[in-house]
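**Q** One structure coming up, written as structure tokens, with questions to follow.
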There are 2 protein chains.
Amino acid sequence: MQMDERKQKILKAIVQDYIATAEPVGSRTISKKFELGVSPATIRNEMADLEELGLIEQPHTSAGRVPSDLGYRYYVDCLMDPLVLSEKEKKIINQEITKRLDEVQEVIEYTGKLVSQVTNLTSLVLKPKNRESALNKIYFLPYDTGKAIMVTVKDNGTVENNIVDIGNDTSPEELQILANIFNDRLSGSKAQDLKKGLLNEIYSELSKKRRMLDGVLGILERMFEPKDGENTERVYLGGTLNMLNQPEFKDIDKVKSLFSLFEENRKLQELLNPDDYQGLNITIGSENPDLAFKDCSIISATYHINGKQIGSVGVLGPTRMDYSKAITIVDYMTKSLTEILTNKYRRQQT
Amino acid sequence: MQMDERKQKILKAIVQDYIATAEPVGSRTISKKFELGVSPATIRNEMADLEELGLIEQPHTSAGRVPSDLGYRYYVDCLMDPLVLSEKEKKIINQEITKRLDEVQEVIEYTGKLVSQVTNLTSLVLKPKNRESALNKIYFLPYDTGKAIMVTVKDNGTVENNIVDIGNDTSPEELQILANIFNDRLSGSKAQDLKKGLLNEIYSELSKKRRMLDGVLGILERMFEPKDGENTERVYLGGTLNMLNQPEFKDIDKVKSLFSLFEENRKLQELLNPDDYQGLNITIGSENPDLAFKDCSIISATYHINGKQIGSVGVLGPTRMDYSKAITIVDYMTKSLTEILTNKYRRQQT
DNA sequence: ATTAGCACTCACCTTGCAAGAGTGCTAACA
DNA sequence: TGTTAGCACTCTTGCAAGGTGAGTGCTAAT
């Protein structure tokens, strides 16, 4: 059996009506609401065909039809009207998004908030991991007796500080020497590399500072290790409450299993990590590996800095979601984010 | 009418049974489960009295009785058996809590997680605000053309860094002068105070650096302003999902209004801010100002560093919660936290 | 003062019934 | 041959009726 034009129109009508109303849609409804110029009976015949093709299904014998996951897939791939944002809408979004450019983290999270507000869905944002870059500079500053502030600059421009124990017998001059050695040798290297080669050299110059050096190297290593709140919590979630407004989640058990998943940051990360594909990604219902998401769809896209993928933005909603809107928003947001971040990065780094 | 001993026993039985089963409890149940040596009829008479006193109520004519908010209050104030943690339990908790002593923030949040796990309730933790302290030191470090890293040390020992625009015409020497002026003048002052008196002095020395100075002062000011993610998000929430397991929240609308409140960090802060009372605080049902919490009780207590109150830990659950357990845990946790933090603070700061 | 007994109330569950929505099939029609 | 009208059928939904059980309040006896 083939999909002729009329079947397509009918499928499209079913999907759109179901997205709008969340009620199974019957043949009479279609023939009335959508002008196809045929009677309900004809539509019924076609619907029987569509069901045979696996594109729609019946909750029970005497209910209307509901799109299956496959049906949504067909709709998204072939039938959907693309939605274009007007210049005005774009302007509003841009204003909102650039309102707070202070911190990269903030822009990114705010984007998530914005996405969930605009779509009335839940937004997922994979934040960049900021530990993969190499060291660039180290400075030591006085802090307290026996302690110093170690300021590190990475090659992506981020700056961090840590308190290090230096013992009571380390003079500022010795610290300066240490910093110099580091800075001479480390440009562009990672902590692990440092440790191997550098140790001997430093030990010979400052042989008695072993304990302090261990402290410094320990901190450097930890800076590059995955750590709670950074690599394990890379996903920002926004508008989770929106899910409670969806009629498909009036059942508390579904809410429970969904929200449980929301707390598993690692799984969310996998969801957003389309290593294979750089661009827009759509996962519908049971296409999703996780059973708790079998009634959900996820639209996600990656954002970049200078062409390098560093994270992604996504929305999660019931399979019965407004795909064209979600896709348009996610697409536009990631593009804006890419642009903003690339600009900022360029400015910051020259 | 007075509360005699038997009335107390009966009320206690009602509260305890209702806490355990979440079902209205009848006279027969009490006479069977609890050994009072009287018949259901007698208990019925007493129950009628208790109802008249406003301590219990009937959901409907032919149901058992349920404690009223007042009833819980009486139970908590007068009847409750105090629960004492065994040394073994204390040890387990202490092990858990000290497992991650790396960062103050982490210990505190982890405490919250622990509380919710142990109680099966939702935990609320008010984190310390870290912006109230005064400046102590400023350093400038080279960063990039036209930019510098400004490292600030506050008098509570925290270190922050920011990138400041210094323009292309500022020499390292000039920066040094600036830092010196700051350091001479600022010890112990807040940004606002700085601005007024200091400006003239600095302007006269570095008159052409106006733009750069404005940048630096702007950042300083912002450091002391309430800011997203710090003062507005001072409350950590743990185990919110536990609420979904409570039978009183099988209704999705209740969940919605509760979770909406969870997103309003400011309100949660008020909830945890018992300025008036330092110690354990119990709010039952409608004693709570917010209507969405009318079925909830909150137990909270403050924790301290060196005797100064800096935050609090609380649990939130249905009014029908295990008060003695919750109180014991909250109490013990805040005490442990106080101890741990005071130790750490002492060590770090000397 | 306590308790046994009894009538009463009310939520809850089951059952039955009617209405309504929607289908599939068949036969007629263009 | 494709389309349509008609009709019987199915299944959900809502509602009302009746039975059940838990629990009460009251009264009278102990």
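Chain labels run A, B, ... following the order of the structure tokens; each chain numbers its residues from 1, and ligands are numbered from 1 in the order shown.
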Give chain B as an mmCIF file with C-alpha atoms, in the first residue's frame once it has been least-squares superposed onto chain A over every C-alpha atom, paired in order.
**A**
```
data_model
loop_
_atom_site.group_PDB
_atom_site.id
_atom_site.type_symbol
_atom_site.label_atom_id
_atom_site.label_comp_id
_atom_site.auth_asym_id
_atom_site.auth_seq_id
_atom_site.Cartn_x
_atom_site.Cartn_y
_atom_site.Cartn_z
ATOM 1 C CA MET B 1 0.028 -0.120 -0.035
ATOM 2 C CA GLN B 2 1.208 3.356 -0.848
ATOM 3 C CA MET B 3 0.740 6.721 0.744
ATOM 4 C CA ASP B 4 -1.249 8.762 -1.721
ATOM 5 C CA GLU B 5 -1.926 12.419 -1.284
ATOM 6 C CA ARG B 6 -5.241 11.952 0.439
ATOM 7 C CA LYS B 7 -3.797 9.590 2.994
ATOM 8 C CA GLN B 8 -1.146 12.170 3.743
ATOM 9 C CA LYS B 9 -3.731 14.869 4.210
ATOM 10 C CA ILE B 10 -5.708 12.692 6.532
ATOM 11 C CA LEU B 11 -2.672 11.706 8.580
ATOM 12 C CA LYS B 12 -1.671 15.314 8.835
ATOM 13 C CA ALA B 13 -5.148 16.222 9.983
ATOM 14 C CA ILE B 14 -5.098 13.497 12.620
ATOM 15 C CA VAL B 15 -1.724 14.543 13.971
ATOM 16 C CA GLN B 16 -2.583 18.210 14.062
ATOM 17 C CA ASP B 17 -5.931 17.702 15.665
ATOM 18 C CA TYR B 18 -4.517 15.334 18.238
ATOM 19 C CA ILE B 19 -1.701 17.740 19.040
ATOM 20 C CA ALA B 20 -4.269 20.438 19.603
ATOM 21 C CA THR B 21 -6.857 18.516 21.587
ATOM 22 C CA ALA B 22 -5.120 15.487 23.092
ATOM 23 C CA GLU B 23 -8.269 13.520 22.285
ATOM 24 C CA PRO B 24 -8.438 10.588 19.877
ATOM 25 C CA VAL B 25 -9.756 11.957 16.619
ATOM 26 C CA GLY B 26 -12.596 10.346 14.700
ATOM 27 C CA SER B 27 -13.577 10.315 11.068
ATOM 28 C CA ARG B 28 -16.459 12.725 11.483
ATOM 29 C CA THR B 29 -14.256 15.293 13.210
ATOM 30 C CA ILE B 30 -11.825 15.245 10.350
ATOM 31 C CA SER B 31 -14.412 15.592 7.653
ATOM 32 C CA LYS B 32 -15.946 18.532 9.493
ATOM 33 C CA LYS B 33 -12.870 20.424 10.687
ATOM 34 C CA PHE B 34 -10.639 19.873 7.722
ATOM 35 C CA GLU B 35 -11.994 20.446 4.247
ATOM 36 C CA LEU B 36 -11.172 17.355 2.326
ATOM 37 C CA GLY B 37 -14.418 17.149 0.439
ATOM 38 C CA VAL B 38 -15.078 13.557 1.315
ATOM 39 C CA SER B 39 -17.449 11.895 3.709
ATOM 40 C CA PRO B 40 -16.566 10.326 7.038
ATOM 41 C CA ALA B 41 -17.006 6.873 5.544
ATOM 42 C CA THR B 42 -14.288 7.448 2.974
ATOM 43 C CA ILE B 43 -12.032 8.781 5.669
ATOM 44 C CA ARG B 44 -12.752 5.698 7.708
ATOM 45 C CA ASN B 45 -11.536 3.520 4.894
ATOM 46 C CA GLU B 46 -8.376 5.521 4.568
ATOM 47 C CA MET B 47 -7.876 5.432 8.292
ATOM 48 C CA ALA B 48 -8.084 1.667 8.257
ATOM 49 C CA ASP B 49 -5.280 1.732 5.697
ATOM 50 C CA LEU B 50 -3.203 4.144 7.764
ATOM 51 C CA GLU B 51 -3.637 1.876 10.723
ATOM 52 C CA GLU B 52 -2.477 -1.078 8.710
ATOM 53 C CA LEU B 53 0.603 0.931 7.777
ATOM 54 C CA GLY B 54 1.304 1.443 11.472
ATOM 55 C CA LEU B 55 0.974 5.196 11.332
ATOM 56 C CA ILE B 56 -2.018 5.529 13.615
ATOM 57 C CA GLU B 57 -3.628 3.351 16.246
ATOM 58 C CA GLN B 58 -6.789 2.976 18.265
ATOM 59 C CA PRO B 59 -6.687 3.150 22.041
ATOM 60 C CA HIS B 60 -9.778 0.918 22.008
ATOM 61 C CA THR B 61 -12.314 -0.294 19.510
ATOM 62 C CA SER B 62 -14.701 2.574 19.612
ATOM 63 C CA ALA B 63 -12.377 5.483 20.032
ATOM 64 C CA GLY B 64 -10.923 7.699 17.362
ATOM 65 C CA ARG B 65 -7.394 7.278 16.101
ATOM 66 C CA VAL B 66 -4.182 8.474 17.640
ATOM 67 C CA PRO B 67 -0.866 8.907 15.831
ATOM 68 C CA SER B 68 1.703 6.222 16.571
ATOM 69 C CA ASP B 69 5.364 7.075 17.054
ATOM 70 C CA LEU B 70 5.838 6.123 13.439
ATOM 71 C CA GLY B 71 3.004 8.435 12.506
ATOM 72 C CA TYR B 72 4.651 11.350 14.250
ATOM 73 C CA ARG B 73 7.884 10.451 12.537
ATOM 74 C CA TYR B 74 6.220 10.524 9.137
ATOM 75 C CA TYR B 75 4.546 13.801 10.022
ATOM 76 C CA VAL B 76 7.798 15.380 11.124
ATOM 77 C CA ASP B 77 9.749 14.102 8.153
ATOM 78 C CA CYS B 78 7.265 14.719 5.374
ATOM 79 C CA LEU B 79 4.095 16.561 6.274
ATOM 80 C CA MET B 80 4.815 19.247 8.787
ATOM 81 C CA ASP B 81 4.373 22.879 7.794
ATOM 82 C CA PRO B 82 7.553 24.684 8.681
ATOM 83 C CA LEU B 83 6.982 27.572 11.030
ATOM 84 C CA VAL B 84 8.957 30.707 10.411
ATOM 85 C CA LEU B 85 9.459 33.275 13.095
ATOM 86 C CA SER B 86 8.516 36.740 12.058
ATOM 87 C CA GLU B 87 11.157 39.422 12.306
ATOM 88 C CA LYS B 88 9.245 40.843 15.214
ATOM 89 C CA GLU B 89 9.339 37.614 17.157
ATOM 90 C CA LYS B 90 12.998 37.216 16.405
ATOM 91 C CA LYS B 91 13.610 40.693 17.665
ATOM 92 C CA ILE B 92 11.813 40.008 20.923
ATOM 93 C CA ILE B 93 13.771 36.854 21.474
ATOM 94 C CA ASN B 94 17.024 38.539 20.650
ATOM 95 C CA GLN B 95 16.295 41.324 23.044
ATOM 96 C CA GLU B 96 15.534 38.865 25.776
ATOM 97 C CA ILE B 97 18.505 36.693 25.146
ATOM 98 C CA THR B 98 21.056 39.474 25.012
ATOM 99 C CA LYS B 99 19.666 41.183 28.065
ATOM 100 C CA ARG B 100 22.182 39.435 30.242
ATOM 101 C CA LEU B 101 25.411 38.949 28.554
ATOM 102 C CA ASP B 102 27.517 39.153 31.689
ATOM 103 C CA GLU B 103 28.463 35.562 32.116
ATOM 104 C CA VAL B 104 28.512 32.781 29.600
ATOM 105 C CA GLN B 105 26.850 30.456 32.072
ATOM 106 C CA GLU B 106 24.080 32.961 32.573
ATOM 107 C CA VAL B 107 23.351 33.477 28.907
ATOM 108 C CA ILE B 108 23.141 29.763 28.401
ATOM 109 C CA GLU B 109 20.868 29.069 31.326
ATOM 110 C CA TYR B 110 18.712 32.005 30.463
ATOM 111 C CA THR B 111 18.330 30.629 26.982
ATOM 112 C CA GLY B 112 16.989 27.468 28.528
ATOM 113 C CA LYS B 113 14.530 29.402 30.622
ATOM 114 C CA LEU B 114 13.385 31.287 27.577
ATOM 115 C CA VAL B 115 12.926 28.138 25.523
ATOM 116 C CA SER B 116 10.709 26.572 28.132
ATOM 117 C CA GLN B 117 8.658 29.717 28.475
ATOM 118 C CA VAL B 118 8.104 30.102 24.777
ATOM 119 C CA THR B 119 7.301 26.474 24.077
ATOM 120 C CA ASN B 120 5.518 25.610 27.303
ATOM 121 C CA LEU B 121 7.653 22.520 27.383
ATOM 122 C CA THR B 122 10.626 21.424 29.405
ATOM 123 C CA SER B 123 13.943 22.693 28.168
ATOM 124 C CA LEU B 124 17.242 20.905 28.435
ATOM 125 C CA VAL B 125 20.498 22.688 27.976
ATOM 126 C CA LEU B 126 23.843 20.977 27.839
ATOM 127 C CA LYS B 127 26.343 23.477 29.118
ATOM 128 C CA PRO B 128 29.886 23.533 27.827
ATOM 129 C CA LYS B 129 32.390 21.579 29.816
ATOM 130 C CA ASN B 130 35.004 23.972 30.909
ATOM 131 C CA ARG B 131 37.618 21.540 32.087
ATOM 132 C CA GLU B 132 38.982 20.277 28.885
ATOM 133 C CA SER B 133 41.344 23.075 28.236
ATOM 134 C CA ALA B 134 45.012 23.104 29.085
ATOM 135 C CA LEU B 135 46.905 25.185 31.588
ATOM 136 C CA ASN B 136 48.414 28.450 30.591
ATOM 137 C CA LYS B 137 49.732 30.307 33.619
ATOM 138 C CA ILE B 138 50.078 29.932 37.327
ATOM 139 C CA TYR B 139 50.552 32.693 39.868
ATOM 140 C CA PHE B 140 50.974 32.544 43.614
ATOM 141 C CA LEU B 141 49.774 35.292 45.908
ATOM 142 C CA PRO B 142 50.201 35.641 49.664
ATOM 143 C CA TYR B 143 47.162 34.663 51.663
ATOM 144 C CA ASP B 144 47.791 33.651 55.228
ATOM 145 C CA THR B 145 50.561 32.138 57.266
ATOM 146 C CA GLY B 146 51.398 28.835 55.666
ATOM 147 C CA LYS B 147 48.943 29.342 52.823
ATOM 148 C CA ALA B 148 48.936 30.937 49.422
ATOM 149 C CA ILE B 149 46.425 31.709 46.708
ATOM 150 C CA MET B 150 47.173 29.847 43.535
ATOM 151 C CA VAL B 151 45.657 31.548 40.509
ATOM 152 C CA THR B 152 45.493 29.484 37.337
ATOM 153 C CA VAL B 153 44.708 30.665 33.848
ATOM 154 C CA LYS B 154 43.624 28.146 31.254
ATOM 155 C CA ASP B 155 44.084 28.506 27.565
ATOM 156 C CA ASN B 156 40.409 29.129 27.019
ATOM 157 C CA GLY B 157 40.743 32.221 29.137
ATOM 158 C CA THR B 158 39.058 31.033 32.321
ATOM 159 C CA VAL B 159 40.635 31.939 35.622
ATOM 160 C CA GLU B 160 40.394 29.935 38.805
ATOM 161 C CA ASN B 161 41.824 30.258 42.243
ATOM 162 C CA ASN B 162 42.565 27.843 45.047
ATOM 163 C CA ILE B 163 44.095 28.042 48.465
ATOM 164 C CA VAL B 164 47.188 25.875 48.783
ATOM 165 C CA ASP B 165 49.093 24.812 51.834
ATOM 166 C CA ILE B 166 52.695 25.866 51.509
ATOM 167 C CA GLY B 167 53.934 25.184 54.979
ATOM 168 C CA ASN B 168 55.539 27.799 57.174
ATOM 169 C CA ASP B 169 58.974 27.523 55.686
ATOM 170 C CA THR B 170 58.339 28.520 52.104
ATOM 171 C CA SER B 171 59.511 31.975 51.193
ATOM 172 C CA PRO B 172 57.889 34.168 48.565
ATOM 173 C CA GLU B 173 61.042 33.769 46.517
ATOM 174 C CA GLU B 174 60.718 30.036 46.469
ATOM 175 C CA LEU B 175 57.127 30.361 45.353
ATOM 176 C CA GLN B 176 58.254 32.618 42.571
ATOM 177 C CA ILE B 177 60.767 30.029 41.432
ATOM 178 C CA LEU B 178 58.124 27.392 41.483
ATOM 179 C CA ALA B 179 55.742 29.513 39.462
ATOM 180 C CA ASN B 180 58.472 30.183 36.944
ATOM 181 C CA ILE B 181 59.210 26.526 36.514
ATOM 182 C CA PHE B 182 55.557 25.830 35.986
ATOM 183 C CA ASN B 183 55.090 28.626 33.546
ATOM 184 C CA ASP B 184 58.173 27.698 31.545
ATOM 185 C CA ARG B 185 57.099 24.150 31.177
ATOM 186 C CA LEU B 186 53.374 23.972 31.209
ATOM 187 C CA SER B 187 52.068 26.133 28.438
ATOM 188 C CA GLY B 188 49.493 23.986 26.731
ATOM 189 C CA SER B 189 49.838 20.870 28.812
ATOM 190 C CA LYS B 190 47.343 19.124 31.029
ATOM 191 C CA ALA B 191 47.806 18.238 34.655
ATOM 192 C CA GLN B 192 48.396 14.573 34.040
ATOM 193 C CA ASP B 193 51.233 15.264 31.636
ATOM 194 C CA LEU B 194 52.755 17.688 34.051
ATOM 195 C CA LYS B 195 53.054 15.254 36.833
ATOM 196 C CA LYS B 196 55.140 12.695 35.044
ATOM 197 C CA GLY B 197 57.929 14.749 33.567
ATOM 198 C CA LEU B 198 57.993 17.761 35.751
ATOM 199 C CA LEU B 199 58.243 16.263 39.151
ATOM 200 C CA ASN B 200 61.874 15.304 39.073
ATOM 201 C CA GLU B 201 62.951 18.659 37.862
ATOM 202 C CA ILE B 202 61.099 20.511 40.529
ATOM 203 C CA TYR B 203 62.082 18.138 43.254
ATOM 204 C CA SER B 204 65.696 18.694 42.529
ATOM 205 C CA GLU B 205 65.320 22.429 42.815
ATOM 206 C CA LEU B 206 63.092 22.522 45.821
ATOM 207 C CA SER B 207 63.714 19.195 47.359
ATOM 208 C CA LYS B 208 62.294 19.881 50.773
ATOM 209 C CA LYS B 209 58.995 21.171 49.484
ATOM 210 C CA ARG B 210 57.617 17.796 48.705
ATOM 211 C CA ARG B 211 54.477 18.127 50.766
ATOM 212 C CA MET B 212 53.623 21.463 49.370
ATOM 213 C CA LEU B 213 54.203 20.324 45.821
ATOM 214 C CA ASP B 214 51.948 17.406 46.340
ATOM 215 C CA GLY B 215 49.286 19.826 47.447
ATOM 216 C CA VAL B 216 49.653 21.993 44.378
ATOM 217 C CA LEU B 217 49.697 19.074 41.985
ATOM 218 C CA GLY B 218 46.737 17.554 43.735
ATOM 219 C CA ILE B 219 44.716 20.689 43.180
ATOM 220 C CA LEU B 220 45.772 20.898 39.565
ATOM 221 C CA GLU B 221 44.730 17.357 39.013
ATOM 222 C CA ARG B 222 41.404 17.909 40.641
ATOM 223 C CA MET B 223 40.828 20.914 38.459
ATOM 224 C CA PHE B 224 40.874 18.649 35.480
ATOM 225 C CA GLU B 225 38.926 15.843 36.993
ATOM 226 C CA PRO B 226 35.228 15.627 36.445
ATOM 227 C CA LYS B 227 33.715 17.154 39.487
ATOM 228 C CA ASP B 228 30.270 17.561 40.948
ATOM 229 C CA GLY B 229 28.527 20.599 39.663
ATOM 230 C CA GLU B 230 30.629 20.767 36.565
ATOM 231 C CA ASN B 231 30.898 17.760 34.365
ATOM 232 C CA THR B 232 28.327 15.712 36.222
ATOM 233 C CA GLU B 233 25.847 18.549 36.282
ATOM 234 C CA ARG B 234 26.202 19.904 32.863
ATOM 235 C CA VAL B 235 22.517 19.849 32.074
ATOM 236 C CA TYR B 236 20.291 22.755 32.906
ATOM 237 C CA LEU B 237 16.605 21.954 33.153
ATOM 238 C CA GLY B 238 13.940 24.581 32.764
ATOM 239 C CA GLY B 239 10.194 24.541 32.968
ATOM 240 C CA THR B 240 9.904 21.028 34.323
ATOM 241 C CA LEU B 241 6.582 22.067 35.787
ATOM 242 C CA ASN B 242 5.195 22.518 32.312
ATOM 243 C CA MET B 243 5.079 18.751 32.045
ATOM 244 C CA LEU B 244 2.511 18.683 34.816
ATOM 245 C CA ASN B 245 0.140 20.660 32.640
ATOM 246 C CA GLN B 246 0.171 18.045 29.936
ATOM 247 C CA PRO B 247 -2.830 15.753 30.189
ATOM 248 C CA GLU B 248 -0.620 12.736 29.574
ATOM 249 C CA PHE B 249 0.979 13.375 32.933
ATOM 250 C CA LYS B 250 -2.051 13.525 35.110
ATOM 251 C CA ASP B 251 -0.956 10.179 36.483
ATOM 252 C CA ILE B 252 1.309 10.692 39.449
ATOM 253 C CA ASP B 253 3.362 7.592 38.769
ATOM 254 C CA LYS B 254 4.380 8.823 35.369
ATOM 255 C CA VAL B 255 5.370 12.111 36.911
ATOM 256 C CA LYS B 256 7.442 10.272 39.439
ATOM 257 C CA SER B 257 9.395 8.233 36.936
ATOM 258 C CA LEU B 258 9.864 11.231 34.691
ATOM 259 C CA PHE B 259 11.087 13.479 37.462
ATOM 260 C CA SER B 260 13.344 10.739 38.743
ATOM 261 C CA LEU B 261 15.014 10.743 35.372
ATOM 262 C CA PHE B 262 15.323 14.496 35.543
ATOM 263 C CA GLU B 263 17.497 14.032 38.581
ATOM 264 C CA GLU B 264 19.858 11.732 36.761
ATOM 265 C CA ASN B 265 22.005 14.261 35.097
ATOM 266 C CA ARG B 266 24.137 11.709 33.383
ATOM 267 C CA LYS B 267 21.232 10.215 31.473
ATOM 268 C CA LEU B 268 20.077 13.618 30.379
ATOM 269 C CA GLN B 269 23.550 14.268 29.117
ATOM 270 C CA GLU B 270 23.448 11.165 26.970
ATOM 271 C CA LEU B 271 20.139 12.310 25.626
ATOM 272 C CA LEU B 272 21.666 15.560 24.481
ATOM 273 C CA ASN B 273 24.914 14.201 23.212
ATOM 274 C CA PRO B 274 24.464 13.474 19.565
ATOM 275 C CA ASP B 275 28.139 12.889 18.879
ATOM 276 C CA ASP B 276 27.193 11.434 15.578
ATOM 277 C CA TYR B 277 25.209 14.285 14.230
ATOM 278 C CA GLN B 278 25.782 17.980 14.356
ATOM 279 C CA GLY B 279 22.558 19.734 13.805
ATOM 280 C CA LEU B 280 18.937 19.202 14.639
ATOM 281 C CA ASN B 281 18.015 15.954 16.263
ATOM 282 C CA ILE B 282 14.521 14.610 16.786
ATOM 283 C CA THR B 283 13.756 11.594 18.901
ATOM 284 C CA ILE B 284 10.186 10.448 19.061
ATOM 285 C CA GLY B 285 8.643 8.299 21.754
ATOM 286 C CA SER B 286 10.013 4.813 21.826
ATOM 287 C CA GLU B 287 12.862 5.756 19.552
ATOM 288 C CA ASN B 288 14.258 6.883 22.843
ATOM 289 C CA PRO B 289 16.407 4.323 24.649
ATOM 290 C CA ASP B 290 14.920 5.083 28.029
ATOM 291 C CA LEU B 291 11.576 3.584 28.863
ATOM 292 C CA ALA B 292 10.487 6.444 31.056
ATOM 293 C CA PHE B 293 10.588 8.663 27.990
ATOM 294 C CA LYS B 294 8.463 6.401 25.853
ATOM 295 C CA ASP B 295 5.690 9.008 25.806
ATOM 296 C CA CYS B 296 8.070 11.868 25.208
ATOM 297 C CA SER B 297 9.828 13.401 22.281
ATOM 298 C CA ILE B 298 13.019 15.358 22.347
ATOM 299 C CA ILE B 299 14.144 17.998 19.921
ATOM 300 C CA SER B 300 17.716 19.117 20.287
ATOM 301 C CA ALA B 301 20.367 21.010 18.420
ATOM 302 C CA THR B 302 23.958 21.871 19.092
ATOM 303 C CA TYR B 303 25.513 25.262 19.531
ATOM 304 C CA HIS B 304 29.052 26.195 18.715
ATOM 305 C CA ILE B 305 31.869 28.574 19.372
ATOM 306 C CA ASN B 306 33.913 29.317 16.322
ATOM 307 C CA GLY B 307 32.618 26.208 14.643
ATOM 308 C CA LYS B 308 33.443 23.912 17.525
ATOM 309 C CA GLN B 309 30.483 22.147 19.094
ATOM 310 C CA ILE B 310 30.362 22.910 22.798
ATOM 311 C CA GLY B 311 26.860 22.083 23.979
ATOM 312 C CA SER B 312 23.256 21.741 22.958
ATOM 313 C CA VAL B 313 19.777 23.029 23.589
ATOM 314 C CA GLY B 314 16.731 20.820 23.594
ATOM 315 C CA VAL B 315 13.106 20.644 24.505
ATOM 316 C CA LEU B 316 11.304 17.699 25.960
ATOM 317 C CA GLY B 317 7.586 17.246 25.724
ATOM 318 C CA PRO B 318 4.954 14.602 25.235
ATOM 319 C CA THR B 319 5.068 12.862 21.861
ATOM 320 C CA ARG B 320 1.964 14.874 21.230
ATOM 321 C CA MET B 321 3.808 18.165 21.079
ATOM 322 C CA ASP B 322 3.843 21.030 18.645
ATOM 323 C CA TYR B 323 6.795 19.851 16.612
ATOM 324 C CA SER B 324 7.007 22.706 14.192
ATOM 325 C CA LYS B 325 7.057 25.281 16.951
ATOM 326 C CA ALA B 326 9.532 23.325 19.044
ATOM 327 C CA ILE B 327 11.834 22.736 16.122
ATOM 328 C CA THR B 328 11.747 26.333 15.031
ATOM 329 C CA ILE B 329 12.502 27.613 18.498
ATOM 330 C CA VAL B 330 15.299 25.173 19.201
ATOM 331 C CA ASP B 331 16.828 25.837 15.857
ATOM 332 C CA TYR B 332 16.659 29.573 16.238
ATOM 333 C CA MET B 333 17.918 29.520 19.785
ATOM 334 C CA THR B 334 20.968 27.439 19.058
ATOM 335 C CA LYS B 335 21.806 29.662 16.135
ATOM 336 C CA SER B 336 21.455 32.788 18.247
ATOM 337 C CA LEU B 337 23.488 31.240 21.005
ATOM 338 C CA THR B 338 26.207 30.275 18.589
ATOM 339 C CA GLU B 339 26.304 33.788 17.278
ATOM 340 C CA ILE B 340 26.328 35.430 20.661
ATOM 341 C CA LEU B 341 28.950 33.143 22.104
ATOM 342 C CA THR B 342 31.189 33.307 19.105
ATOM 343 C CA ASN B 343 31.064 37.083 19.276
ATOM 344 C CA LYS B 344 31.726 37.167 22.964
ATOM 345 C CA TYR B 345 34.489 34.662 22.764
ATOM 346 C CA ARG B 346 36.173 36.584 20.022
ATOM 347 C CA ARG B 347 35.963 39.765 21.974
ATOM 348 C CA GLN B 348 37.237 38.242 25.174
ATOM 349 C CA GLN B 349 40.030 36.296 23.666
ATOM 350 C CA THR B 350 40.970 38.216 20.542
#
```
**Q** May I have a table of the residues of chain D lying at most 9 Å from chain A, giving each one's closest pair of atoms and their distance in Å to one decimal, counting only C-alpha atoms (C1' of nucleotides), ordered by chain and ascending residue number, as a tab-separated table?
**A**
```
residue	atom	partner	partner_atom	distance
D:DT3	C1'	A:Thr42	CA	6.7
D:DT4	C1'	A:Ala41	CA	6.7
D:DA5	C1'	A:Ala41	CA	8.6
D:DT10	C1'	A:Ser62	CA	6.0
D:DC11	C1'	A:Ser62	CA	5.3
D:DT12	C1'	A:Ser62	CA	7.8
```
**Q** For range 26-29 of chain D, please output as a PyMOL selection string all residues within 10 Å (counting only C-alpha atoms (C1' of nucleotides); exclusion window: fewer than 6 positions along the same chain).
**A** chain C and resi 3-7
**Q** Go through chain C and flag each residue having an atom no more than 9 Å from chain A; for those, report the closest pair of atoms plus their distance in Å to one decimal, using only C-alpha atoms (C1' of nucleotides), ordered by chain and rising number, as a Markdown table.
**A**
```
| residue | atom | partner | partner_atom | distance |
| --- | --- | --- | --- | --- |
| C:DA21 | C1' | A:Ala63 | CA | 7.1 |
| C:DG22 | C1' | A:Ser62 | CA | 4.8 |
| C:DT23 | C1' | A:Ser62 | CA | 5.8 |
| C:DG24 | C1' | A:Arg44 | CA | 8.7 |
```
**Q** Neighbouring residues of DT14 in chain C were defined as those with any atom within 12 Å, considering only C-alpha atoms (C1' of nucleotides); residues of the same chain fewer than 2 positions away were excluded. Please report them as a list in words.
**A** DC12 and DG16 of chain C; DA17, DG18, DG19 and DT20 of chain D
**Q** Once you have the residues from the selection above, write them out as a short mmCIF file (atom, residue, chain, number, x, y, z; two decimals), in the first residue's frame, restricted to C-alpha atoms (C1' of nucleotides).
**A**
```cif
data_model
loop_
_atom_site.label_atom_id
_atom_site.label_comp_id
_atom_site.auth_asym_id
_atom_site.auth_seq_id
_atom_site.Cartn_x
_atom_site.Cartn_y
_atom_site.Cartn_z
"C1'" DC C 12 -17.51 3.32 48.49
"C1'" DG C 16 -27.32 -1.81 35.27
"C1'" DA D 17 -29.79 2.63 42.42
"C1'" DG D 18 -28.82 -0.61 45.74
"C1'" DG D 19 -25.92 -3.13 48.91
"C1'" DT D 20 -22.04 -3.17 52.19
#
```
